[in-house]
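Colleague: Questions regarding the structure given below will be posed in turn.
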Amino acid sequence: MNTPLSSDFWETRYQEGTTRWDIGKAAPAFVNLLQSDRAPSPGKTAVLGCGRGYDALLFAQAGHEVIGVDFAPSAIAAATDLAQQANLSVQFLQEDIFRFPQTYSHYFDYVVEHTCFCALSPEKRTAYINLVHTLLKSTGELLAIFFTHRREGGPPYGIQPSEIRELFTPQFDIIQLDPIKHSVPSKQGEEHFGRLRPRQ
Ligand SMILES: C[S@@+](CC[C@H](N)C(=O)[O-])C[C@H]1O[C@@H](n2cnc3c(N)ncnc32)[C@H](O)[C@@H]1O
C-alpha cells in the first residue's frame, strides 16, 4: 500500500529526495516563540511526524526533553545524525504515531505539531486529535503550526481556522489561534499558530 497513510509513501519521498515540505531548518514560528516572553518553560515534549528533526532539535536546544516520532526510516536516520552533529540529546523513535507506546499516555507537557496533521488524510483527523489528548498531561499544551492553505486535495491537506476550532474544541480549549506573520516565503499567509490545552 503506497498511500499517504503508509510509511512507504513517505520513505520513497525521502529516498527520491522529493521532500518539498522540508525547509531545512526549524519553523520560524517556533524559533520566534522560543525567543519570546511567551516561550513555554522546558518540559517533556513530543514532536509528531518529526521528519529530519529540525523542530525537535530546536526544542532540545531550548532545554526541552524531546522525543521525535516518524515512521519513515530515512527521516529518523537523518534526524539522529543531525542530533549527533549538534551534540544534542534527543530520542528519535521510528514508529507510527498512532502506535505511540502506551507508556507515554499523559506523559508530555507539550506536543509539537508542524506539517504532520496536514500530511494525514482528513479521515484521520479525529484519531490525531484523540492521540494528542492521550499523550498530553492534563496541564499540557499542543503547540501547533497549521497549514491553512485553500488548495484542493493533498497531502498537504489544508484546513481553515473555523474547521480547527470545530474539530478541536470538544477536547481542547483554544488559547491562541492566529495567522503567522513570518513564515518561510513558500508558505507566507498560509499558516496559523495555535496553543491548545486539553479539556478534562
Ligand atoms: C510533510 S512531512 C513533515 C516532516 C517534518 N515535520 C518537517 O516539517 O520537515 C510529514 C512527515 O510525517 C511523517 N508521518 C506521516 N504519517 C505518519 C504516521 N502515521 N506516523 C509517523 N510519522 C508519520 C512522514 O514520514 C513525514 O516525515
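Going through the C-alpha cells in order, the chains are called A, B, and so on, while each chain numbers its residues from 1 and the ligands are numbered from 1 in the order shown.
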Collect all residues with atoms no farther than 6 Å from ligand 1, counting only C-alpha atoms and all ligand atoms, and output them as a PyMOL selection string.

Modeller: chain A and resi 5+7+10+21-22+49-52+70-72+75+95-98+114-116+119-120

Colleague: Write out as JSON, numbers by chain all residues of segment 41-130 of chain A that backbone DSSP assigns to helix (DSSP H, G or I).

Modeller: {"A": [54, 55, 56, 57, 58, 59, 60, 61, 73, 74, 75, 76, 77, 78, 79, 80, 81, 82, 83, 84, 85, 97, 98, 99, 102, 103, 104, 117, 118, 119, 122, 123, 124, 125, 126, 127, 128, 129, 130]}

Colleague: Between A:Ala78, A:Gln91, A:Tyr54, A:Pro42, which has the minimum distance to Val66 of chain A (counting only C-alpha atoms)?

Modeller: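 That would be A:Gln91, the residue with the smallest distance to Val66 of chain A.
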
Colleague: Please, what distance in Å, to one decimal, runs between atom CA of Lys181 of chain A and atom CA of Ala29 of chain A?

Modeller: 8.4 Å

Colleague: Between A:Asp109, A:Asp8, A:Glu65, A:Glu16, which is the closest to Phe92 of chain A once you count only C-alpha atoms?

Modeller: A:Glu65

Colleague: In Å to one decimal, how far is atom CA of Val31 of chain A from atom CA of Ala62 of chain A?

Modeller: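 Going from atom CA of Ala62 of chain A over to atom CA of Val31 of chain A covers 9.8 Å.
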
Colleague: Using only C-alpha atoms, pick whichever of A:Thr3, A:His192, A:Glu141, A:His182 has the shortest atom-to-atom distance to Pro161 of chain A.

Modeller: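 Among A:Thr3, A:His192, A:Glu141, A:His182, it is A:His192 that comes nearest to Pro161 of chain A.
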
Colleague: Given only C-alpha atoms as the basis, pick out the residue of A:Phe117, A:Tyr110, A:Ala26, A:Gln84 nearest to His64 of chain A.

Modeller: A:Tyr110

Colleague: Within 8 Å of Pro28 of chain A, counting only C-alpha atoms, which residues show up once you throw out same-chain ones fewer than 4 positions away? Write them as a list in words, please.

Modeller: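 In the requested format, the answer is Asn32, His182, Ser183 and Val184 of chain A.
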
Colleague: Keeping only N, CA and C atoms, take the residues you just selected and write them out as a CSV table (one decimal), in the first residue's frame.

Modeller:
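As written to disk, selection-v3.csv reads:
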```csv
chain,number,residue,atom,x,y,z
A,32,ASN,N,10.6,32.0,16.8
A,32,ASN,CA,10.1,33.2,17.4
A,32,ASN,C,9.5,32.9,18.8
A,182,HIS,N,5.4,35.6,10.1
A,182,HIS,CA,6.7,35.4,9.4
A,182,HIS,C,6.9,33.9,9.1
A,183,SER,N,6.4,33.5,8.0
A,183,SER,CA,6.6,32.1,7.6
A,183,SER,C,7.7,32.1,6.6
A,184,VAL,N,8.2,30.9,6.1
A,184,VAL,CA,9.1,30.8,5.0
A,184,VAL,C,8.3,31.3,3.8
```

Colleague: Which one is closest to Ala144 of chain A: A:Ser6, A:Asn87, A:Gln188, A:Gln176? Count only C-alpha atoms.

Modeller: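 Checking each candidate against Ala144 of chain A, we get A:Gln176 as the closest.
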
Colleague: As a list in words, please: all residues of segment 6-135 of chain A that backbone DSSP puts in strand (DSSP E).

Modeller: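 Written out, the strand (DSSP E) residues of segment 6-135 of chain A are Lys44, Thr45, Ala46, Val47, Leu48, Glu65, Val66, Ile67, Gly68, Val69, Asp70, Gln91, Phe92, Leu93, Gln94, Phe108, Asp109, Tyr110, Val111, Val112, Glu113 and His114 of chain A.
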
Colleague: Of the residues A:Leu135, A:Leu196, A:Ala79, A:Leu143, which is the one nearest to Leu34 of chain A, using only C-alpha atoms?

Modeller: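 Of A:Leu135, A:Leu196, A:Ala79, A:Leu143, the one nearest Leu34 of chain A is A:Leu143, counting only C-alpha atoms.
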
Colleague: When you look at Ile175 of chain A with a cut-off of 8 Å (counting only C-alpha atoms), what residues show up, excluding the ones that are within fewer than 2 positions of it in the same chain? I need them as a PyMOL selection string.

Modeller: chain A and resi 173+177+194-197

Colleague: Within 12 Å of Leu131 of chain A, counting only C-alpha atoms, which residues show up once you throw out same-chain ones fewer than 5 positions away? Write them as a list in words, please.

Modeller: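 Final neighbour list, sorted by chain and number: Ala46, Leu48, Asp96, Ile97, Phe98, Arg99, Phe100, Pro101, Gln102, Tyr104, Ser105, His106, Phe108, Val111, Phe117, Lys124, Arg125, Thr126, Leu136, Leu142, Phe168, Gln171 and Pro198 of chain A.
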
Colleague: Write to file, as a compact mmCIF listing (two decimals), in the first residue's frame, the residues of the selection just made, with N, CA and C atoms.

Modeller:
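Output saved as out.txt:
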```txt
# COMPACT_ATOMS: atom_id res chain seq x y z
N ALA A 46 6.88 16.04 22.80
CA ALA A 46 6.82 15.11 21.66
C ALA A 46 6.69 15.90 20.38
N LEU A 48 5.59 15.20 16.62
CA LEU A 48 4.95 14.16 15.81
C LEU A 48 5.27 14.34 14.33
N ASP A 96 4.86 4.49 13.95
CA ASP A 96 3.62 5.14 13.52
C ASP A 96 3.09 5.92 14.73
N ILE A 97 2.77 7.19 14.53
CA ILE A 97 2.30 7.98 15.69
C ILE A 97 1.06 7.36 16.32
N PHE A 98 0.26 6.65 15.50
CA PHE A 98 -0.96 6.06 16.05
C PHE A 98 -0.67 4.78 16.84
N ARG A 99 0.61 4.39 16.85
CA ARG A 99 1.01 3.24 17.68
C ARG A 99 2.00 3.71 18.76
N PHE A 100 1.87 4.95 19.15
CA PHE A 100 2.74 5.50 20.19
C PHE A 100 2.63 4.61 21.43
N PRO A 101 3.77 4.19 21.99
CA PRO A 101 3.69 3.26 23.12
C PRO A 101 2.81 3.79 24.25
N GLN A 102 2.02 2.88 24.84
CA GLN A 102 1.08 3.30 25.88
C GLN A 102 1.77 3.90 27.10
N TYR A 104 3.55 6.23 27.16
CA TYR A 104 3.61 7.68 27.03
C TYR A 104 2.24 8.35 27.19
N SER A 105 1.24 7.60 27.66
CA SER A 105 -0.06 8.23 27.90
C SER A 105 0.07 9.29 28.98
N HIS A 106 -0.41 10.47 28.70
CA HIS A 106 -0.39 11.62 29.64
C HIS A 106 1.01 11.86 30.21
N PHE A 108 3.44 13.82 28.33
CA PHE A 108 4.11 15.01 27.78
C PHE A 108 3.51 16.32 28.27
N VAL A 111 2.99 18.77 23.04
CA VAL A 111 3.08 18.09 21.74
C VAL A 111 3.31 19.19 20.71
N PHE A 117 -0.06 16.95 10.85
CA PHE A 117 -1.52 16.95 10.70
C PHE A 117 -1.92 17.09 9.22
N LYS A 124 -8.30 10.83 9.16
CA LYS A 124 -7.50 10.51 10.36
C LYS A 124 -7.47 11.67 11.37
N ARG A 125 -8.16 12.76 11.05
CA ARG A 125 -8.03 13.94 11.92
C ARG A 125 -8.56 13.69 13.34
N THR A 126 -9.69 13.02 13.44
CA THR A 126 -10.24 12.77 14.78
C THR A 126 -9.30 11.87 15.57
N LEU A 136 -0.89 14.10 26.09
CA LEU A 136 -0.62 15.26 26.95
C LEU A 136 -1.05 15.03 28.39
N LEU A 142 -0.78 21.67 23.31
CA LEU A 142 -0.41 21.42 21.92
C LEU A 142 0.09 22.74 21.32
N PHE A 168 -11.27 20.64 17.13
CA PHE A 168 -10.52 20.50 18.37
C PHE A 168 -11.32 20.86 19.61
N GLN A 171 -12.42 18.65 22.66
CA GLN A 171 -11.41 18.09 23.58
C GLN A 171 -10.37 19.09 24.03
N PRO A 198 -5.64 20.65 26.70
CA PRO A 198 -6.64 19.59 26.76
C PRO A 198 -7.71 19.87 27.81
```

Colleague: Leaving out Ile159 of chain A and any residue of its chain fewer than 6 positions from it, which residues lie within 12 Å of it when counting only C-alpha atoms, given as a short mmCIF file (atom, residue, chain, number, x, y, z; two decimals) with N, CA and C atoms, in the first residue's frame?

Modeller:
```cif
data_model
loop_
_atom_site.label_atom_id
_atom_site.label_comp_id
_atom_site.auth_asym_id
_atom_site.auth_seq_id
_atom_site.Cartn_x
_atom_site.Cartn_y
_atom_site.Cartn_z
N THR A 115 3.37 20.28 10.15
CA THR A 115 3.24 19.51 8.91
C THR A 115 3.13 18.00 9.11
N PHE A 117 -0.06 16.95 10.85
CA PHE A 117 -1.52 16.95 10.70
C PHE A 117 -1.92 17.09 9.22
N CYS A 118 -1.22 17.96 8.47
CA CYS A 118 -1.59 18.18 7.07
C CYS A 118 -1.13 17.03 6.18
N ALA A 119 -0.26 16.18 6.72
CA ALA A 119 0.21 15.02 5.95
C ALA A 119 -0.80 13.87 6.04
N LEU A 120 -1.68 13.94 7.03
CA LEU A 120 -2.63 12.84 7.25
C LEU A 120 -3.89 13.05 6.42
N SER A 121 -4.46 11.96 5.92
CA SER A 121 -5.73 12.08 5.22
C SER A 121 -6.77 12.61 6.21
N PRO A 122 -7.68 13.48 5.72
CA PRO A 122 -8.65 14.09 6.64
C PRO A 122 -9.42 13.08 7.50
N ARG A 125 -8.16 12.76 11.05
CA ARG A 125 -8.03 13.94 11.92
C ARG A 125 -8.56 13.69 13.34
N ILE A 145 1.63 24.44 14.38
CA ILE A 145 1.59 25.26 13.17
C ILE A 145 0.66 24.52 12.21
N PHE A 146 -0.47 25.14 11.91
CA PHE A 146 -1.44 24.53 10.99
C PHE A 146 -1.24 25.12 9.60
N PHE A 147 -1.32 24.24 8.60
CA PHE A 147 -1.18 24.67 7.20
C PHE A 147 -2.59 25.03 6.72
N THR A 148 -2.86 26.33 6.62
CA THR A 148 -4.23 26.77 6.36
C THR A 148 -4.41 27.23 4.90
N HIS A 149 -3.74 26.51 4.00
CA HIS A 149 -3.93 26.85 2.57
C HIS A 149 -5.32 26.39 2.11
N ARG A 150 -5.75 26.90 0.96
CA ARG A 150 -7.11 26.62 0.49
C ARG A 150 -7.15 25.74 -0.76
N ARG A 151 -6.01 25.15 -1.11
CA ARG A 151 -5.98 24.31 -2.31
C ARG A 151 -6.69 22.97 -2.06
N GLU A 152 -7.25 22.43 -3.11
CA GLU A 152 -7.95 21.14 -3.01
C GLU A 152 -6.95 20.01 -2.79
N GLY A 153 -7.37 18.96 -2.15
CA GLY A 153 -6.59 17.73 -2.09
C GLY A 153 -5.35 17.82 -1.20
N ARG A 165 -11.18 25.01 14.91
CA ARG A 165 -11.98 25.26 16.13
C ARG A 165 -13.04 24.18 16.28
N GLU A 166 -13.71 23.87 15.19
CA GLU A 166 -14.81 22.90 15.25
C GLU A 166 -14.29 21.51 15.65
N LEU A 167 -13.16 21.12 15.06
CA LEU A 167 -12.64 19.76 15.31
C LEU A 167 -12.01 19.61 16.70
N GLU A 190 -0.19 31.41 4.77
CA GLU A 190 -0.92 30.13 4.72
C GLU A 190 -0.70 29.29 5.97
N GLU A 191 -0.29 29.95 7.07
CA GLU A 191 -0.07 29.19 8.30
C GLU A 191 -0.74 29.90 9.48
N HIS A 192 -1.23 29.11 10.42
CA HIS A 192 -1.73 29.63 11.69
C HIS A 192 -0.98 28.95 12.83
#
```
